[in-house]
>>> print(open('work36.cif').read())   # mmCIF, C-alpha atoms and all ligand atoms
data_model
#
loop_
_atom_site.group_PDB
_atom_site.id
_atom_site.type_symbol
_atom_site.label_atom_id
_atom_site.label_comp_id
_atom_site.auth_asym_id
_atom_site.auth_seq_id
_atom_site.Cartn_x
_atom_site.Cartn_y
_atom_site.Cartn_z
ATOM 1 C CA MET B 109 0.426 9.035 0.324
ATOM 2 C CA ILE B 110 2.527 10.761 3.009
ATOM 3 C CA GLU B 111 1.017 13.920 4.371
ATOM 4 C CA ILE B 112 2.731 15.998 7.034
ATOM 5 C CA LYS B 113 0.922 18.993 8.451
ATOM 6 C CA ASN B 114 2.332 21.715 10.667
ATOM 7 C CA ILE B 115 4.899 19.574 12.479
ATOM 8 C CA THR B 116 6.747 21.301 15.325
ATOM 9 C CA LYS B 117 9.490 19.894 17.543
ATOM 10 C CA SER B 118 11.602 21.440 20.283
ATOM 11 C CA PHE B 119 14.415 20.094 22.413
ATOM 12 C CA GLY B 120 14.224 22.225 25.555
ATOM 13 C CA ALA B 121 14.425 25.859 24.484
ATOM 14 C CA LEU B 122 15.616 24.947 20.999
ATOM 15 C CA GLN B 123 12.802 24.839 18.453
ATOM 16 C CA VAL B 124 14.157 22.649 15.669
ATOM 17 C CA LEU B 125 11.038 22.272 13.491
ATOM 18 C CA LYS B 126 8.788 25.298 13.254
ATOM 19 C CA GLY B 127 5.780 24.113 11.309
ATOM 20 C CA ILE B 128 6.605 21.674 8.525
ATOM 21 C CA ASP B 129 4.062 20.911 5.807
ATOM 22 C CA LEU B 130 4.993 18.305 3.235
ATOM 23 C CA THR B 131 3.233 15.909 0.888
ATOM 24 C CA ILE B 132 5.102 13.044 -0.737
ATOM 25 C CA ASP B 133 3.548 10.960 -3.504
ATOM 26 C CA LYS B 134 3.927 7.256 -4.058
ATOM 27 C CA ASN B 135 6.874 6.499 -6.330
ATOM 28 C CA GLU B 136 8.613 9.768 -5.544
ATOM 29 C CA VAL B 137 12.297 10.009 -4.642
ATOM 30 C CA VAL B 138 12.631 13.098 -2.475
ATOM 31 C CA SER B 139 15.815 14.493 -0.979
ATOM 32 C CA ILE B 140 16.057 16.630 2.150
ATOM 33 C CA VAL B 141 19.048 18.937 2.391
ATOM 34 C CA GLY B 142 20.095 21.641 4.839
ATOM 35 C CA PRO B 143 22.930 22.734 7.095
ATOM 36 C CA SER B 144 24.211 20.531 9.902
ATOM 37 C CA GLY B 145 21.911 20.885 12.903
ATOM 38 C CA SER B 146 18.974 22.156 10.822
ATOM 39 C CA GLY B 147 16.762 19.249 11.900
ATOM 40 C CA LYS B 148 16.957 16.821 8.971
ATOM 41 C CA THR B 149 17.461 13.741 11.118
ATOM 42 C CA THR B 150 14.821 14.966 13.575
ATOM 43 C CA LEU B 151 12.293 15.304 10.741
ATOM 44 C CA LEU B 152 13.172 11.876 9.346
ATOM 45 C CA GLN B 153 12.849 10.248 12.786
ATOM 46 C CA ILE B 154 9.428 11.841 13.252
ATOM 47 C CA LEU B 155 8.383 10.739 9.775
ATOM 48 C CA GLY B 156 9.620 7.237 10.643
ATOM 49 C CA THR B 157 7.549 7.241 13.866
ATOM 50 C CA LEU B 158 10.726 6.794 15.955
ATOM 51 C CA ASP B 159 10.161 10.190 17.565
ATOM 52 C CA LYS B 160 7.004 12.163 18.264
ATOM 53 C CA PRO B 161 6.347 15.748 17.170
ATOM 54 C CA ASP B 162 5.150 18.319 19.712
ATOM 55 C CA SER B 163 2.251 19.153 17.413
ATOM 56 C CA GLY B 164 1.044 18.521 13.908
ATOM 57 C CA SER B 165 -0.111 15.412 12.097
ATOM 58 C CA ILE B 166 1.343 12.685 9.922
ATOM 59 C CA VAL B 167 -0.677 10.415 7.684
ATOM 60 C CA ILE B 168 1.095 7.547 5.930
ATOM 61 C CA ASN B 169 -0.884 5.319 3.561
ATOM 62 C CA GLY B 170 -4.129 6.595 4.996
ATOM 63 C CA GLN B 171 -3.060 5.851 8.589
ATOM 64 C CA ARG B 172 -2.960 8.728 11.033
ATOM 65 C CA ILE B 173 0.151 8.056 13.137
ATOM 66 C CA SER B 174 -0.898 9.946 16.252
ATOM 67 C CA GLY B 175 -3.894 7.629 16.640
ATOM 68 C CA LEU B 176 -1.743 4.533 17.146
ATOM 69 C CA LYS B 177 -0.879 2.994 20.507
ATOM 70 C CA ASP B 178 2.719 1.841 21.127
ATOM 71 C CA LYS B 179 2.196 -1.746 19.985
ATOM 72 C CA GLU B 180 0.248 -0.715 16.910
ATOM 73 C CA LEU B 181 2.918 1.852 16.157
ATOM 74 C CA ALA B 182 5.695 -0.756 16.339
ATOM 75 C CA ARG B 183 3.691 -2.971 14.012
ATOM 76 C CA PHE B 184 3.036 -0.108 11.604
ATOM 77 C CA ARG B 185 6.725 0.832 11.595
ATOM 78 C CA ASN B 186 7.776 -2.756 10.929
ATOM 79 C CA GLN B 187 5.344 -3.120 8.024
ATOM 80 C CA GLU B 188 5.361 0.298 6.398
ATOM 81 C CA ILE B 189 8.713 1.992 7.034
ATOM 82 C CA GLY B 190 12.134 0.913 5.838
ATOM 83 C CA PHE B 191 15.221 2.555 7.329
ATOM 84 C CA ILE B 192 18.684 2.977 5.864
ATOM 85 C CA PHE B 193 21.280 4.663 8.065
ATOM 86 C CA GLN B 194 24.675 6.200 7.358
ATOM 87 C CA PHE B 195 26.358 3.229 8.966
ATOM 88 C CA HIS B 196 24.649 0.025 7.932
ATOM 89 C CA GLN B 197 23.667 -1.052 11.485
ATOM 90 C CA LEU B 198 23.606 -4.703 10.491
ATOM 91 C CA LEU B 199 23.733 -7.146 13.400
ATOM 92 C CA PRO B 200 27.322 -8.480 13.458
ATOM 93 C CA GLU B 201 26.543 -11.984 14.732
ATOM 94 C CA PHE B 202 24.048 -12.726 11.938
ATOM 95 C CA THR B 203 24.672 -13.454 8.247
ATOM 96 C CA ALA B 204 23.632 -11.034 5.511
ATOM 97 C CA LEU B 205 20.643 -13.279 4.754
ATOM 98 C CA GLU B 206 19.573 -13.416 8.405
ATOM 99 C CA ASN B 207 19.889 -9.646 8.720
ATOM 100 C CA VAL B 208 17.601 -9.149 5.730
ATOM 101 C CA MET B 209 15.112 -11.745 7.032
ATOM 102 C CA MET B 210 14.901 -10.128 10.482
ATOM 103 C CA PRO B 211 12.175 -7.488 9.900
ATOM 104 C CA ALA B 212 10.078 -10.074 8.016
ATOM 105 C CA LEU B 213 10.317 -12.574 10.892
ATOM 106 C CA ILE B 214 9.497 -9.837 13.402
ATOM 107 C CA GLY B 215 6.466 -9.018 11.249
ATOM 108 C CA GLY B 216 5.244 -12.598 11.525
ATOM 109 C CA MET B 217 6.274 -13.990 8.146
ATOM 110 C CA SER B 218 7.110 -17.714 8.182
ATOM 111 C CA LYS B 219 10.790 -18.613 8.074
ATOM 112 C CA PRO B 220 10.755 -20.193 4.581
ATOM 113 C CA GLU B 221 8.789 -17.289 3.172
ATOM 114 C CA ALA B 222 11.104 -14.741 4.798
ATOM 115 C CA GLN B 223 14.114 -16.599 3.462
ATOM 116 C CA ASP B 224 12.726 -16.659 -0.091
ATOM 117 C CA LYS B 225 11.862 -12.982 0.037
ATOM 118 C CA ALA B 226 15.264 -12.035 1.481
ATOM 119 C CA LEU B 227 17.144 -14.155 -1.069
ATOM 120 C CA ASP B 228 15.167 -12.625 -3.944
ATOM 121 C CA LEU B 229 16.145 -9.144 -2.798
ATOM 122 C CA ILE B 230 19.767 -10.070 -2.142
ATOM 123 C CA THR B 231 19.950 -11.610 -5.622
ATOM 124 C CA MET B 232 18.336 -8.555 -7.184
ATOM 125 C CA LEU B 233 21.022 -6.440 -5.528
ATOM 126 C CA GLY B 234 23.736 -8.669 -6.978
ATOM 127 C CA LEU B 235 24.876 -10.217 -3.709
ATOM 128 C CA SER B 236 23.599 -13.793 -3.877
ATOM 129 C CA ASP B 237 27.109 -15.172 -3.377
ATOM 130 C CA ARG B 238 27.469 -13.083 -0.203
ATOM 131 C CA ALA B 239 24.254 -14.175 1.514
ATOM 132 C CA GLU B 240 25.963 -16.400 4.053
ATOM 133 C CA HIS B 241 28.649 -13.868 4.955
ATOM 134 C CA LYS B 242 28.658 -11.978 8.238
ATOM 135 C CA PRO B 243 28.790 -8.164 7.993
ATOM 136 C CA ASN B 244 32.513 -8.019 8.860
ATOM 137 C CA GLU B 245 33.165 -10.212 5.803
ATOM 138 C CA LEU B 246 31.458 -7.704 3.473
ATOM 139 C CA SER B 247 32.809 -4.512 1.883
ATOM 140 C CA GLY B 248 31.310 -1.151 2.806
ATOM 141 C CA GLY B 249 29.274 -0.987 -0.395
ATOM 142 C CA GLU B 250 28.050 -4.573 0.058
ATOM 143 C CA LYS B 251 27.007 -3.907 3.645
ATOM 144 C CA GLN B 252 25.026 -0.881 2.558
ATOM 145 C CA ARG B 253 23.278 -2.880 -0.182
ATOM 146 C CA ILE B 254 22.362 -5.538 2.381
ATOM 147 C CA ALA B 255 20.962 -2.730 4.541
ATOM 148 C CA VAL B 256 18.877 -1.653 1.519
ATOM 149 C CA ALA B 257 17.553 -5.208 1.124
ATOM 150 C CA ARG B 258 16.665 -5.259 4.831
ATOM 151 C CA ALA B 259 14.769 -1.974 4.444
ATOM 152 C CA LEU B 260 12.749 -3.441 1.552
ATOM 153 C CA VAL B 261 11.893 -6.899 2.873
ATOM 154 C CA ASN B 262 8.411 -5.998 4.154
ATOM 155 C CA ASP B 263 7.480 -3.919 1.070
ATOM 156 C CA PRO B 264 7.240 -0.732 3.121
ATOM 157 C CA ALA B 265 5.189 2.285 2.054
ATOM 158 C CA VAL B 266 8.336 4.386 2.245
ATOM 159 C CA VAL B 267 12.076 3.939 2.701
ATOM 160 C CA LEU B 268 13.735 6.621 4.820
ATOM 161 C CA ALA B 269 17.467 7.030 4.389
ATOM 162 C CA ASP B 270 19.694 9.262 6.531
ATOM 163 C CA GLU B 271 22.998 10.018 4.765
ATOM 164 C CA PRO B 272 22.948 6.529 3.205
ATOM 165 C CA SER B 273 26.078 7.041 1.133
ATOM 166 C CA GLY B 274 27.900 9.136 3.727
ATOM 167 C CA SER B 275 30.370 6.387 4.568
ATOM 168 C CA LEU B 276 31.042 5.196 0.984
ATOM 169 C CA ASP B 277 33.715 6.000 -1.597
ATOM 170 C CA THR B 278 32.794 7.668 -4.895
ATOM 171 C CA GLN B 279 32.102 4.515 -6.923
ATOM 172 C CA ASN B 280 30.030 2.821 -4.208
ATOM 173 C CA LYS B 281 28.218 6.087 -3.633
ATOM 174 C CA GLU B 282 27.196 6.345 -7.280
ATOM 175 C CA ASP B 283 26.164 2.681 -7.394
ATOM 176 C CA LEU B 284 23.994 3.094 -4.298
ATOM 177 C CA HIS B 285 22.351 6.234 -5.668
ATOM 178 C CA GLN B 286 21.605 4.465 -8.955
ATOM 179 C CA LEU B 287 20.129 1.591 -6.962
ATOM 180 C CA PHE B 288 17.530 3.863 -5.356
ATOM 181 C CA PHE B 289 16.248 4.894 -8.769
ATOM 182 C CA ASP B 290 16.306 1.305 -10.078
ATOM 183 C CA LEU B 291 14.243 0.234 -7.076
ATOM 184 C CA ARG B 292 11.785 3.020 -7.651
ATOM 185 C CA ASP B 293 11.396 1.927 -11.291
ATOM 186 C CA ARG B 294 11.219 -1.810 -10.557
ATOM 187 C CA LEU B 295 9.264 -1.879 -7.296
ATOM 188 C CA GLY B 296 7.503 1.481 -7.303
ATOM 189 C CA GLN B 297 9.294 2.244 -4.058
ATOM 190 C CA THR B 298 9.037 5.685 -2.453
ATOM 191 C CA PHE B 299 12.218 7.150 -0.950
ATOM 192 C CA VAL B 300 12.930 10.078 1.343
ATOM 193 C CA ILE B 301 16.664 10.643 1.508
ATOM 194 C CA VAL B 302 18.553 13.036 3.777
ATOM 195 C CA THR B 303 21.819 13.864 2.072
ATOM 196 C CA HIS B 304 24.741 16.262 1.928
ATOM 197 C CA ASP B 305 25.555 14.930 -1.524
ATOM 198 C CA GLU B 306 24.623 17.558 -4.111
ATOM 199 C CA LYS B 307 24.877 15.085 -6.988
ATOM 200 C CA LEU B 308 22.331 12.800 -5.362
ATOM 201 C CA ALA B 309 20.033 15.701 -4.502
ATOM 202 C CA GLU B 310 20.135 16.804 -8.148
ATOM 203 C CA LEU B 311 19.090 13.343 -9.326
ATOM 204 C CA THR B 312 16.010 13.178 -7.105
ATOM 205 C CA ASP B 313 12.526 14.200 -8.227
ATOM 206 C CA ARG B 314 12.355 16.968 -5.651
ATOM 207 C CA THR B 315 14.774 18.551 -3.212
ATOM 208 C CA ILE B 316 13.445 19.958 0.030
ATOM 209 C CA HIS B 317 15.546 22.560 1.799
ATOM 210 C CA LEU B 318 15.287 22.662 5.573
ATOM 211 C CA VAL B 319 16.398 26.070 6.812
ATOM 212 C CA ASP B 320 15.679 27.693 10.177
ATOM 213 C CA GLY B 321 13.150 25.025 11.059
ATOM 214 C CA GLN B 322 11.111 25.548 7.917
ATOM 215 C CA LEU B 323 10.977 24.216 4.381
ATOM 216 C CA LYS B 324 12.205 26.551 1.705
ATOM 217 C CA ASP B 325 11.802 26.203 -2.038
ATOM 218 C CA ARG B 326 15.428 27.175 -2.484
HETATM 219 N N1 LIG B 401 17.570 14.232 21.563
HETATM 220 C C1 LIG B 401 17.990 15.492 21.455
HETATM 221 N N2 LIG B 401 18.099 16.282 22.550
HETATM 222 C C2 LIG B 401 18.490 17.562 22.451
HETATM 223 N N3 LIG B 401 18.819 18.161 21.294
HETATM 224 C C3 LIG B 401 18.736 17.446 20.167
HETATM 225 C C4 LIG B 401 18.328 16.070 20.193
HETATM 226 N N4 LIG B 401 18.346 15.605 18.923
HETATM 227 C C5 LIG B 401 18.756 16.636 18.151
HETATM 228 N N5 LIG B 401 18.989 17.742 18.885
HETATM 229 C C6 LIG B 401 19.397 19.058 18.377
HETATM 230 O O1 LIG B 401 18.478 19.440 17.376
HETATM 231 C C7 LIG B 401 19.146 20.071 16.279
HETATM 232 C C8 LIG B 401 18.838 19.310 15.001
HETATM 233 O O2 LIG B 401 19.458 18.044 15.043
HETATM 234 P P1 LIG B 401 19.413 17.023 13.824
HETATM 235 O O3 LIG B 401 20.155 15.806 14.234
HETATM 236 O O4 LIG B 401 18.015 16.856 13.381
HETATM 237 O O5 LIG B 401 20.224 17.837 12.712
HETATM 238 P P2 LIG B 401 20.670 17.401 11.234
HETATM 239 O O6 LIG B 401 20.084 18.399 10.291
HETATM 240 O O7 LIG B 401 20.339 15.976 11.009
HETATM 241 O O8 LIG B 401 22.244 17.621 11.295
HETATM 242 P P3 LIG B 401 23.438 16.776 10.590
HETATM 243 O O9 LIG B 401 23.483 17.231 9.163
HETATM 244 O O10 LIG B 401 24.650 17.232 11.340
HETATM 245 O O11 LIG B 401 23.157 15.326 10.759
HETATM 246 C C9 LIG B 401 20.626 20.100 16.638
HETATM 247 O O12 LIG B 401 20.907 21.371 17.170
HETATM 248 C C10 LIG B 401 20.754 19.026 17.699
HETATM 249 O O13 LIG B 401 21.799 19.320 18.592
HETATM 250 MG MG MG B 402 21.495 14.253 10.744
#
>>> encode(input="work36.cif", output="structure tokens", more="lines below")
Ligand SMILES: Nc1ncnc2c1ncn2[C@@H]1O[C@H](COP(=O)(O)OP(=O)(O)OP(=O)(O)O)[C@@H](O)[C@H]1O
Ligand SMILES: [Mg+2]
Amino acid sequence: MIEIKNITKSFGALQVLKGIDLTIDKNEVVSIVGPSGSGKTTLLQILGTLDKPDSGSIVINGQRISGLKDKELARFRNQEIGFIFQFHQLLPEFTALENVMMPALIGGMSKPEAQDKALDLITMLGLSDRAEHKPNELSGGEKQRIAVARALVNDPAVVLADEPSGSLDTQNKEDLHQLFFDLRDRLGQTFVIVTHDEKLAELTDRTIHLVDGQLKDR
């Protein structure tokens, strides 16, 4: 359902990705590991259509990304890609509920429908009594779970997470990791997770090693 073929990317003289081929199936939880500076975030951004490769092709859910114009691409990203970052990146002036509703409203969902959908997710993640709180009134683990709900609100084809537990303590880390697998089981969600956490990488269906701009089996 995600097919990446021969992706290359350079920044000036630095070739970061040197021909990446990767297929990810629906329902898979895949981790990407590799040394700092090896291009993990670059690959994830390209996969998330936030950055463009120099060459190669990406097909997500049957849609060839390079064929899309800017507006279509923004629409595709809103509908099909969920993002979770190391730092939650919730909007501080909005409540947890409003933050989760945001991508749905941007995608054209009606307000009541977006609210129902967002509340369902927030409840599923055990935060229904926090829905009206602003991000600065939430703990680190709670903020990250709200960010997960936001990533899921449009039922994306894939959720991309870049060091999602990097800012959490051990307990919150483990809870968040467990949540990814629960969501895969309950919603059939596909995840691609960049991580430095060996425990998380071990739990995933497949670990992809990015070394010297290429994917290695080990
Ligand atoms: N916009 C940019 N302009 C120039 N160089 C960049 C840019 N983005 C990334 N790089 C360089 O590309 C290389 C890969 O960066 P990237 O952020 O993908 O690494 P990473 O594997 O995610 O590292 P980390 O584990 O530290 O997050 C690094 O050498 C980085 O300095
Ligand atoms: Mg990175």
>>> residues_near_point(input="work36.cif", point="(2.7, 4.7, 4.3)", cutoff="10 Å", atoms="all atoms listed in the file", output="ChimeraX atom specification")
/B:109-111,134,155-156,166-173,184-185,187-189,264-267,298
>>> residues_near_point(input="work36.cif", point="(8.8, 22.6, 14.9)", cutoff="8 Å", atoms="only C-alpha atoms", output="list in words")
Asn114, Ile115, Thr116, Lys117, Ser118, Gln123, Val124, Leu125, Lys126, Gly127, Ile128, Pro161, Asp162, Ser163, Gly321 and Gln322 of chain B
>>> residues_near_ligand(input="work36.cif", ligand="ligand MG 402 (chain B)", cutoff="9 Å", atoms="all atoms listed in the file", output="ChimeraX atom specification")
/B:144-150,152,270-271,302-303
>>> closest_atom_pairs(input="work36.cif", of="region 136-177 of chain B", to="region 309-318 of chain B", cutoff="9 Å", atoms="all atoms listed in the file", output="JSON lines")
{"residue": "B:Glu136", "atom": "CA", "partner": "B:Asp313", "partner_atom": "CA", "distance": 6.5}
{"residue": "B:Val137", "atom": "CA", "partner": "B:Thr312", "partner_atom": "CA", "distance": 5.5}
{"residue": "B:Val138", "atom": "CA", "partner": "B:Arg314", "partner_atom": "CA", "distance": 5.0}
{"residue": "B:Ser139", "atom": "CA", "partner": "B:Thr315", "partner_atom": "CA", "distance": 4.7}
{"residue": "B:Ile140", "atom": "CA", "partner": "B:Ile316", "partner_atom": "CA", "distance": 4.7}
{"residue": "B:Val141", "atom": "CA", "partner": "B:His317", "partner_atom": "CA", "distance": 5.1}
{"residue": "B:Gly142", "atom": "CA", "partner": "B:Leu318", "partner_atom": "CA", "distance": 5.0}
{"residue": "B:Pro143", "atom": "CA", "partner": "B:Leu318", "partner_atom": "CA", "distance": 7.8}
{"residue": "B:Ser146", "atom": "CA", "partner": "B:Leu318", "partner_atom": "CA", "distance": 6.4}
{"residue": "B:Gly147", "atom": "CA", "partner": "B:Leu318", "partner_atom": "CA", "distance": 7.3}
{"residue": "B:Lys148", "atom": "CA", "partner": "B:Leu318", "partner_atom": "CA", "distance": 7.0}
>>> axis_aligned_box(input="work36.cif", around="ligand LIG 401 (chain B)", padding_each_side="8 Å", output="JSON")
{"center_x": 21.1, "center_y": 17.8, "center_z": 15.9, "size_x": 23.1, "size_y": 23.1, "size_z": 29.4}
>>> atom_distance(input="work36.cif", atom1="CA of Val208 (chain B)", atom2="CA of Val256 (chain B)")
8.7 Å
>>> closest_residue(input="work36.cif", among="B:Ala212, B:Val300, B:Leu276, B:Ile154", to="ligand LIG 401 (chain B)", atoms="only C-alpha atoms and all ligand atoms")
B:Ile154
>>> build_atoms(input="work36.cif", residues="region 241-260 of chain B", atoms="N, CA, C and O atoms", output="compact mmCIF listing (two decimals), in the frame of the given file")
# COMPACT_ATOMS: atom_id res chain seq x y z
N HIS B 241 27.56 -14.58 4.29
CA HIS B 241 28.65 -13.87 4.96
C HIS B 241 28.13 -13.03 6.12
O HIS B 241 27.03 -12.49 6.07
N LYS B 242 28.96 -12.90 7.14
CA LYS B 242 28.66 -11.98 8.24
C LYS B 242 29.08 -10.57 7.80
O LYS B 242 29.93 -10.41 6.91
N PRO B 243 28.48 -9.54 8.41
CA PRO B 243 28.79 -8.16 7.99
C PRO B 243 30.28 -7.85 7.94
O PRO B 243 30.73 -7.17 7.00
N ASN B 244 31.08 -8.35 8.89
CA ASN B 244 32.51 -8.02 8.86
C ASN B 244 33.26 -8.71 7.72
O ASN B 244 34.44 -8.46 7.52
N GLU B 245 32.56 -9.58 6.98
CA GLU B 245 33.16 -10.21 5.80
C GLU B 245 32.66 -9.56 4.51
O GLU B 245 32.86 -10.09 3.42
N LEU B 246 31.99 -8.42 4.64
CA LEU B 246 31.46 -7.70 3.47
C LEU B 246 32.16 -6.36 3.34
O LEU B 246 32.57 -5.76 4.34
N SER B 247 32.25 -5.86 2.10
CA SER B 247 32.81 -4.51 1.88
C SER B 247 31.78 -3.47 2.32
O SER B 247 30.60 -3.80 2.54
N GLY B 248 32.21 -2.23 2.40
CA GLY B 248 31.31 -1.15 2.81
C GLY B 248 30.09 -1.04 1.89
O GLY B 248 28.96 -0.91 2.34
N GLY B 249 30.36 -1.09 0.58
CA GLY B 249 29.27 -0.99 -0.40
C GLY B 249 28.32 -2.18 -0.30
O GLY B 249 27.10 -2.02 -0.42
N GLU B 250 28.89 -3.37 -0.08
CA GLU B 250 28.05 -4.57 0.06
C GLU B 250 27.18 -4.49 1.31
O GLU B 250 25.99 -4.83 1.28
N LYS B 251 27.78 -4.04 2.40
CA LYS B 251 27.01 -3.91 3.64
C LYS B 251 25.83 -2.96 3.44
O LYS B 251 24.72 -3.21 3.90
N GLN B 252 26.09 -1.86 2.74
CA GLN B 252 25.03 -0.88 2.56
C GLN B 252 23.92 -1.45 1.65
O GLN B 252 22.75 -1.18 1.87
N ARG B 253 24.30 -2.26 0.67
CA ARG B 253 23.28 -2.88 -0.18
C ARG B 253 22.45 -3.91 0.60
O ARG B 253 21.24 -4.04 0.39
N ILE B 254 23.11 -4.61 1.52
CA ILE B 254 22.36 -5.54 2.38
C ILE B 254 21.39 -4.74 3.26
O ILE B 254 20.24 -5.15 3.49
N ALA B 255 21.85 -3.58 3.73
CA ALA B 255 20.96 -2.73 4.54
C ALA B 255 19.76 -2.26 3.71
O ALA B 255 18.65 -2.13 4.22
N VAL B 256 19.98 -2.03 2.41
CA VAL B 256 18.88 -1.65 1.52
C VAL B 256 17.89 -2.82 1.41
O VAL B 256 16.67 -2.64 1.51
N ALA B 257 18.42 -4.02 1.22
CA ALA B 257 17.55 -5.21 1.12
C ALA B 257 16.73 -5.36 2.40
O ALA B 257 15.53 -5.65 2.36
N ARG B 258 17.38 -5.16 3.55
CA ARG B 258 16.66 -5.26 4.83
C ARG B 258 15.53 -4.23 4.90
O ARG B 258 14.43 -4.52 5.38
N ALA B 259 15.80 -3.03 4.40
CA ALA B 259 14.77 -1.97 4.44
C ALA B 259 13.57 -2.33 3.57
O ALA B 259 12.46 -1.86 3.80
N LEU B 260 13.80 -3.16 2.53
CA LEU B 260 12.75 -3.44 1.55
C LEU B 260 11.94 -4.70 1.84
O LEU B 260 10.91 -4.93 1.20
